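File shown here: target_10.cif, holding mmCIF, C-alpha atoms.
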```
data_my_file
#
loop_
_atom_site.label_atom_id
_atom_site.label_comp_id
_atom_site.auth_asym_id
_atom_site.auth_seq_id
_atom_site.Cartn_x
_atom_site.Cartn_y
_atom_site.Cartn_z
CA MET H 826 6.86 -11.13 -15.85
CA THR H 827 8.02 -9.17 -18.84
CA ILE H 828 7.90 -12.21 -21.14
CA LEU H 829 4.36 -12.91 -19.99
CA SER H 830 3.19 -9.35 -20.61
CA LYS H 831 4.83 -9.20 -24.03
CA THR H 832 3.29 -12.51 -25.05
CA ILE H 833 -0.17 -11.38 -23.96
CA THR H 834 0.22 -8.05 -25.76
CA ALA H 835 1.41 -9.72 -28.97
CA PHE H 836 -1.48 -12.19 -28.90
CA GLY H 837 -3.96 -9.35 -28.40
CA GLY H 838 -2.33 -7.43 -31.23
CA ILE H 839 -2.83 -10.37 -33.61
CA LEU H 840 -6.49 -10.61 -32.59
CA LEU H 841 -6.95 -6.88 -33.06
CA ALA H 842 -5.31 -6.92 -36.49
CA HIS H 843 -7.56 -9.79 -37.51
CA ALA H 844 -10.64 -7.93 -36.27
CA CYS H 845 -9.54 -4.82 -38.15
CA TYR H 846 -9.08 -6.82 -41.36
CA SER H 847 -12.49 -8.47 -40.92
CA ALA H 848 -14.19 -5.12 -40.38
CA GLN H 849 -12.48 -3.65 -43.42
CA GLU H 850 -13.49 -6.61 -45.59
CA HIS H 851 -17.05 -6.42 -44.32
CA SER H 852 -17.18 -2.74 -45.12
CA ALA H 853 -15.80 -3.28 -48.62
CA LEU H 854 -18.23 -6.14 -49.29
CA HIS H 855 -21.10 -4.07 -47.98
CA SER H 856 -20.37 -1.12 -50.24
CA LEU H 857 -20.13 -3.53 -53.18
CA ARG H 858 -23.51 -5.01 -52.26
CA VAL H 859 -25.05 -1.57 -51.97
CA ALA H 860 -23.70 -0.65 -55.40
CA THR H 861 -25.08 -3.80 -57.05
CA ALA H 862 -28.39 -3.51 -55.21
CA ALA H 863 -28.73 0.10 -56.32
CA SER H 864 -28.12 -0.90 -59.93
CA LEU H 865 -30.70 -3.73 -59.74
CA THR H 866 -33.47 -2.25 -57.63
CA SER H 867 -33.60 1.39 -56.74
CA SER H 868 -35.41 0.92 -53.41
CA SER H 869 -33.10 -1.35 -51.47
CA THR H 870 -31.54 -0.49 -48.15
CA VAL H 871 -28.99 -2.78 -46.57
CA ALA H 872 -28.15 -2.02 -42.98
CA ASN H 873 -24.43 -1.49 -42.42
CA SER H 874 -23.80 -2.98 -38.99
CA LEU H 875 -20.69 -4.86 -38.04
CA PRO H 876 -21.16 -8.62 -37.46
CA ILE H 877 -21.38 -9.49 -33.80
CA ASP H 878 -18.33 -11.77 -33.89
CA VAL H 879 -16.11 -8.94 -35.13
CA VAL H 880 -17.44 -6.68 -32.37
CA ILE H 881 -16.74 -9.34 -29.74
CA GLU H 882 -13.28 -10.03 -31.15
CA THR H 883 -12.38 -6.34 -31.09
CA ILE H 884 -13.44 -5.87 -27.49
CA VAL H 885 -11.77 -9.08 -26.33
CA ALA H 886 -8.55 -8.10 -28.15
CA THR H 887 -8.67 -4.67 -26.48
CA PHE H 888 -9.00 -6.27 -23.09
CA ILE H 889 -6.15 -8.70 -23.77
CA ILE H 890 -3.77 -5.92 -24.89
CA LEU H 891 -4.86 -3.83 -21.93
CA LEU H 892 -4.03 -6.67 -19.57
CA GLY H 893 -0.64 -7.17 -21.21
CA LEU H 894 0.22 -3.47 -21.00
CA VAL H 895 -0.84 -3.21 -17.37
CA LEU H 896 1.24 -6.28 -16.47
CA GLY H 897 4.20 -4.67 -18.22
CA THR H 898 4.21 -1.48 -16.16
CA ARG H 899 7.04 -0.85 -13.76
CA PRO H 900 6.53 -1.45 -10.04
CA LEU H 901 5.52 1.63 -8.05
CA ARG H 902 7.38 3.15 -5.14
CA PRO H 903 5.87 4.34 -1.88
CA ILE H 904 5.68 8.14 -1.72
CA GLN H 905 5.67 8.62 2.03
CA TRP H 906 9.20 9.10 3.26
CA ARG H 907 8.92 6.73 6.23
CA VAL H 908 7.37 3.93 4.15
CA TRP H 909 9.93 4.41 1.39
CA ALA H 910 12.96 4.52 3.71
CA GLY H 911 11.63 1.49 5.59
CA LYS H 912 11.38 -0.41 2.32
CA ILE H 913 15.00 0.48 1.47
CA GLU H 914 16.15 -0.55 4.92
CA ARG H 915 14.29 -3.85 4.76
CA GLU H 916 14.77 -4.94 1.16
CA GLY H 917 17.75 -2.95 -0.12
CA GLU H 918 18.26 -3.19 -3.86
CA ASP H 919 15.78 -6.05 -4.22
CA GLY H 920 12.86 -3.69 -3.67
CA PHE H 921 13.88 -1.37 -6.50
CA LYS H 922 14.18 -3.63 -9.49
CA ASP H 923 12.26 -3.19 -12.69
CA ASN H 924 10.67 -5.99 -14.65
CA ASN H 925 13.95 -7.16 -16.17
CA GLY H 926 15.47 -7.73 -12.73
CA GLU H 927 17.84 -4.77 -13.04
CA VAL H 928 18.15 -2.19 -10.31
CA ASN H 929 16.65 1.18 -11.24
CA LYS H 930 19.15 3.79 -12.39
CA ASP H 931 17.95 6.41 -9.93
CA TYR H 932 18.16 4.09 -6.94
CA MET H 933 20.49 5.88 -4.54
CA GLY H 934 20.48 3.58 -1.56
CA ASN H 935 19.88 4.37 2.06
CA PRO H 936 19.11 8.10 2.49
CA PHE H 937 20.68 8.02 5.96
CA ASN H 938 23.98 6.52 4.87
CA PHE H 939 25.88 9.70 5.66
CA ILE H 940 24.71 9.43 9.26
CA GLU H 941 25.44 5.76 9.70
CA SER H 942 28.95 6.00 8.26
CA ARG H 943 30.09 8.55 10.86
CA PRO H 944 33.05 7.32 12.96
CA ASN H 945 30.98 7.52 16.14
CA PHE H 946 28.58 4.99 14.71
CA VAL H 947 31.17 2.40 13.72
CA ASP H 948 30.47 -0.94 15.38
CA ILE H 949 34.00 -1.65 16.59
CA ARG H 950 33.12 -4.94 18.32
CA LYS H 951 31.59 -6.30 15.15
CA GLN H 952 34.69 -5.27 13.20
CA ARG H 953 36.94 -6.93 15.76
CA LYS H 954 34.91 -10.12 15.50
CA GLU H 955 35.15 -10.02 11.73
CA PHE H 956 38.91 -9.44 11.93
CA ALA H 957 39.33 -12.38 14.30
CA GLU H 958 37.32 -14.53 11.92
CA TRP H 959 39.51 -13.41 9.04
CA VAL H 960 42.68 -14.19 10.98
CA ARG H 961 41.39 -17.65 11.82
CA THR H 962 40.45 -18.53 8.23
CA GLY H 963 42.09 -16.51 5.44
CA GLY H 964 44.84 -14.75 7.38
CA GLY H 965 45.85 -17.92 9.27
CA GLY H 966 46.14 -19.91 6.05
CA GLN H 967 48.55 -17.35 4.59
CA SER H 968 50.82 -17.33 7.67
CA THR H 969 51.37 -21.10 7.68
CA ARG H 970 52.37 -21.14 4.06
CA MET C 1343 -4.83 17.07 -0.62
CA PRO C 1344 -2.71 16.87 2.56
CA SER C 1345 -2.16 20.08 4.50
CA GLU C 1346 1.22 21.63 5.14
CA LEU C 1347 1.29 20.35 8.69
CA GLU C 1348 0.70 16.79 7.54
CA LEU C 1349 3.45 17.18 4.95
CA GLN C 1350 5.81 18.33 7.70
CA ILE C 1351 4.91 15.36 9.87
CA SER C 1352 5.10 12.73 7.12
CA PRO C 1353 7.18 14.11 4.25
CA ILE C 1354 6.78 12.89 0.68
CA VAL C 1355 9.54 11.60 -1.60
CA GLN C 1356 9.36 13.63 -4.81
CA GLU C 1357 11.29 11.11 -6.93
CA SER C 1358 8.87 8.35 -6.05
CA LEU C 1359 5.90 10.56 -6.81
CA VAL C 1360 7.34 11.49 -10.21
CA HIS C 1361 8.16 7.87 -10.95
CA ASN C 1362 4.64 6.66 -10.09
CA THR C 1363 2.93 9.45 -12.01
CA ARG C 1364 5.09 8.83 -15.07
CA THR C 1365 4.33 5.11 -14.98
CA LEU C 1366 0.61 5.82 -14.89
CA VAL C 1367 0.73 8.50 -17.60
CA ASN C 1368 2.77 6.26 -19.90
CA LEU C 1369 0.25 3.47 -19.51
CA GLN C 1370 -2.69 5.77 -20.09
CA SER C 1371 -1.35 7.42 -23.22
CA LEU C 1372 -0.47 3.99 -24.65
CA THR C 1373 -3.86 2.51 -23.90
CA ALA C 1374 -5.68 5.61 -25.17
CA SER C 1375 -4.25 4.98 -28.63
CA LEU C 1376 -5.30 1.34 -28.34
CA PHE C 1377 -8.86 2.36 -27.45
CA GLY C 1378 -8.84 4.67 -30.46
CA VAL C 1379 -7.95 1.72 -32.67
CA SER C 1380 -10.76 -0.44 -31.35
CA ALA C 1381 -13.29 2.41 -31.40
CA GLY C 1382 -12.39 3.02 -35.04
CA ILE C 1383 -12.79 -0.67 -35.89
CA LEU C 1384 -16.16 -0.75 -34.16
CA GLY C 1385 -17.16 2.30 -36.17
CA LEU C 1386 -18.33 4.33 -33.19
CA GLU C 1387 -19.48 7.87 -33.80
CA SER C 1388 -19.80 11.01 -31.68
CA TYR C 1389 -20.90 10.50 -28.07
CA SER C 1390 -20.69 6.71 -28.05
CA GLY C 1391 -16.99 6.95 -28.96
CA PHE C 1392 -16.25 9.30 -26.09
CA LEU C 1393 -18.31 7.15 -23.75
CA TYR C 1394 -16.29 4.13 -24.90
CA TYR C 1395 -13.08 6.00 -24.11
CA LEU C 1396 -14.35 7.05 -20.70
CA ILE C 1397 -15.41 3.54 -19.73
CA PHE C 1398 -12.20 1.92 -20.92
CA SER C 1399 -10.03 4.53 -19.19
CA LEU C 1400 -11.76 3.78 -15.92
CA ILE C 1401 -11.26 0.06 -16.56
CA THR C 1402 -7.55 0.76 -17.17
CA SER C 1403 -7.26 2.59 -13.86
CA ALA C 1404 -9.09 -0.21 -12.07
CA LEU C 1405 -6.86 -2.86 -13.62
CA PHE C 1406 -3.76 -0.85 -12.76
CA TYR C 1407 -5.03 -0.59 -9.22
CA VAL C 1408 -5.60 -4.34 -9.02
CA VAL C 1409 -2.23 -5.30 -10.51
CA ARG C 1410 0.16 -2.68 -9.14
CA VAL C 1411 -1.40 -0.86 -6.20
CA ALA C 1412 -3.65 -3.33 -4.41
CA PRO C 1413 -1.24 -6.13 -3.38
CA THR C 1414 1.12 -3.94 -1.33
CA SER C 1415 -1.48 -1.34 -0.38
CA ILE C 1416 -3.85 -3.83 1.19
CA ALA C 1417 -0.92 -5.66 2.80
CA SER C 1418 -0.05 -2.40 4.58
CA GLU C 1419 -3.59 -2.26 6.00
CA LYS C 1420 -5.06 0.44 3.80
CA PRO C 1421 -8.73 0.16 2.93
CA PRO C 1422 -9.60 -1.11 -0.56
CA LEU C 1423 -9.53 1.44 -3.40
CA ASP C 1424 -7.22 3.68 -1.37
CA THR C 1425 -4.24 4.79 -3.48
CA SER C 1426 -2.59 7.03 -0.90
CA ARG C 1427 0.42 4.73 -0.62
CA TYR C 1428 1.53 5.58 -4.17
CA PHE C 1429 -0.42 8.64 -5.33
CA ARG C 1430 -1.29 11.98 -3.86
CA GLY C 1431 -5.03 11.93 -4.30
CA PRO C 1432 -7.74 9.68 -5.65
CA VAL C 1433 -8.80 12.19 -8.33
CA GLU C 1434 -5.30 12.26 -9.79
CA PHE C 1435 -5.24 8.48 -9.96
CA TRP C 1436 -8.70 7.75 -11.34
CA THR C 1437 -9.19 10.60 -13.81
CA GLY C 1438 -5.72 12.12 -14.25
CA GLY C 1439 -5.04 10.30 -17.49
CA LEU C 1440 -8.30 11.21 -19.25
CA MET C 1441 -7.04 14.49 -20.68
CA ASN C 1442 -3.56 13.10 -21.40
CA GLY C 1443 -4.82 10.35 -23.61
CA LEU C 1444 -7.68 12.16 -25.32
CA ALA C 1445 -5.59 13.55 -28.17
CA GLY C 1446 -4.06 10.16 -28.95
CA PHE C 1447 -7.46 8.54 -28.73
CA ILE C 1448 -9.04 10.91 -31.25
CA LEU C 1449 -6.05 10.59 -33.57
CA THR C 1450 -6.20 6.81 -33.84
CA TRP C 1451 -10.00 6.76 -33.67
CA THR C 1452 -10.39 8.93 -36.76
CA LEU C 1453 -7.52 7.18 -38.53
CA PHE C 1454 -8.95 3.68 -38.08
CA TYR C 1455 -12.50 4.81 -38.70
CA GLY C 1456 -11.35 6.18 -42.04
CA LEU C 1457 -9.28 3.07 -42.82
CA VAL C 1458 -12.04 0.58 -42.06
CA SER C 1459 -15.04 2.32 -43.60
CA ALA C 1460 -13.29 3.79 -46.59
#
```
Would you write out, as structure tokens, the structure that this file holds?
Amino acid sequence: MTILSKTITAFGGILLAHACYSAQEHSALHSLRVATAASLTSSSTVANSLPIDVVIETIVATFIILLGLVLGTRPLRPIQWRVWAGKIEREGEDGFKDNNGEVNKDYMGNPFNFIESRPNFVDIRKQRKEFAEWVRTGGGGQSTR
Amino acid sequence: MPSELELQISPIVQESLVHNTRTLVNLQSLTASLFGVSAGILGLESYSGFLYYLIFSLITSALFYVVRVAPTSIASEKPPLDTSRYFRGPVEFWTGGLMNGLAGFILTWTLFYGLVSA
């Protein structure tokens, strides 16, 4: 995602720089023409309007950079507490990564952790099952050695 | 704007709100400078320049809505163009960045206007 947005932005930047250069050259050429026309004939007016291709290139470049910048923004987070906590519960750290795939610095995990880690809430059967599993695999292997 | 009772019933996470607003403001101040550059290249003057800025800011908001807000917002059964999943009110989302970016827009607008038509 971030590579894509940077590529699009860079491409738009090149287009915009080219359009800027074209417009500047056109302006310089135009002022030169006005100066020579004024020296030749006194009643000559040359309209100073940008060529249509430069106008189109500028607007297209603006749209391309705009698209790249919008694609490069960070993902949003839900503001309602229940939606936000549900997202944490469902997705964990995966829901709070930025474009580079790193977890946000201010991600603090489940807001109800302090409740779920109380001794009354410990799932003792699950822990016993895990312990039995450990004895059968890792722990058993060590005892036979 | 939600009332106090609604805020008590469904509380709001301040960190998320700050994060979302900062993302939007960053984007809008960046793009405002970009619009200044292109307005200067096009050689716009007075009202047409401000109109250009207004139109492109609204396009930015719409594009941001399409890319960042719409996929999850519509998946959670909100009506289209409803930003209440991520922002407090529609006014803040659609026009909040106009004043933020205006200074940057005028700065780069005048700079590039002067550079191009020197």
If the PyMOL selection byres ((chain H) within 7 of (chain C)) were run on this exact file, what residues would it hold? Put them as a list in words.
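Selection result, ordered by chain and number: Cys845, Ala848, Gln849, Ser852, Val880, Thr883, Thr887, Leu891, Val895, Leu896, Thr898, Arg899, Pro900, Leu901, Arg902, Pro903, Ile904, Gln905 and Trp906 of chain H.
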Identify which of the residues C:Pro1422, C:Val1367, C:Trp1451, C:Ile1397 lies closest to Gly1438 (chain C), counting all atoms listed in the file when measuring atom-to-atom distances.
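Among C:Pro1422, C:Val1367, C:Trp1451, C:Ile1397, it is C:Val1367 that comes nearest to Gly1438 (chain C).
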Run the PyMOL selection byres ((chain H and resi 877) around 12) on the file and write out the hits as a PyMOL selection string.
(chain H and resi 844+847-848+851+874-876+878-884) or (chain C and resi 1384)
Which distance in Å separates CA of Leu1386 (chain C) and CA of Val859 (chain H), to one decimal?
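Result for CA of Leu1386 (chain C) versus CA of Val859 (chain H): 20.8 Å, one decimal.
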At what distance in Å, to one decimal, does CA of Leu1396 (chain C) lie from CA of Ile890 (chain H)?
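Separation of CA of Ile890 (chain H) and CA of Leu1396 (chain C): 17.3 Å.
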Residue nearest His843 (chain H) - candidates H:Ala886, H:Val960, H:Ala862, H:Ile828, atoms counted: all atoms listed in the file:
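Using all atoms listed in the file, the shortest distance to His843 (chain H) belongs to H:Ala886.
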I'd like the contact shell of Ser1371 (chain C) - 9 Å cut-off, all atoms listed in the file, skipping same-chain residues fewer than 3 positions apart - returned as a list of chain:residue names.
C:Leu1366, C:Val1367, C:Asn1368, C:Ala1374, C:Ser1375, C:Leu1376, C:Gly1439, C:Leu1440, C:Asn1442, C:Gly1443, C:Leu1444, C:Ala1445, C:Gly1446, C:Phe1447
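Taking CA of Thr1452 (chain C) and CA of Ala1404 (chain C) as the two end points, the separation is 26.4 Å.
Comparing H:Gly897, H:Glu914, H:Ala863, H:His855 by their smallest distance to Ser830 (chain H), the closest is H:Gly897 (using all atoms listed in the file).
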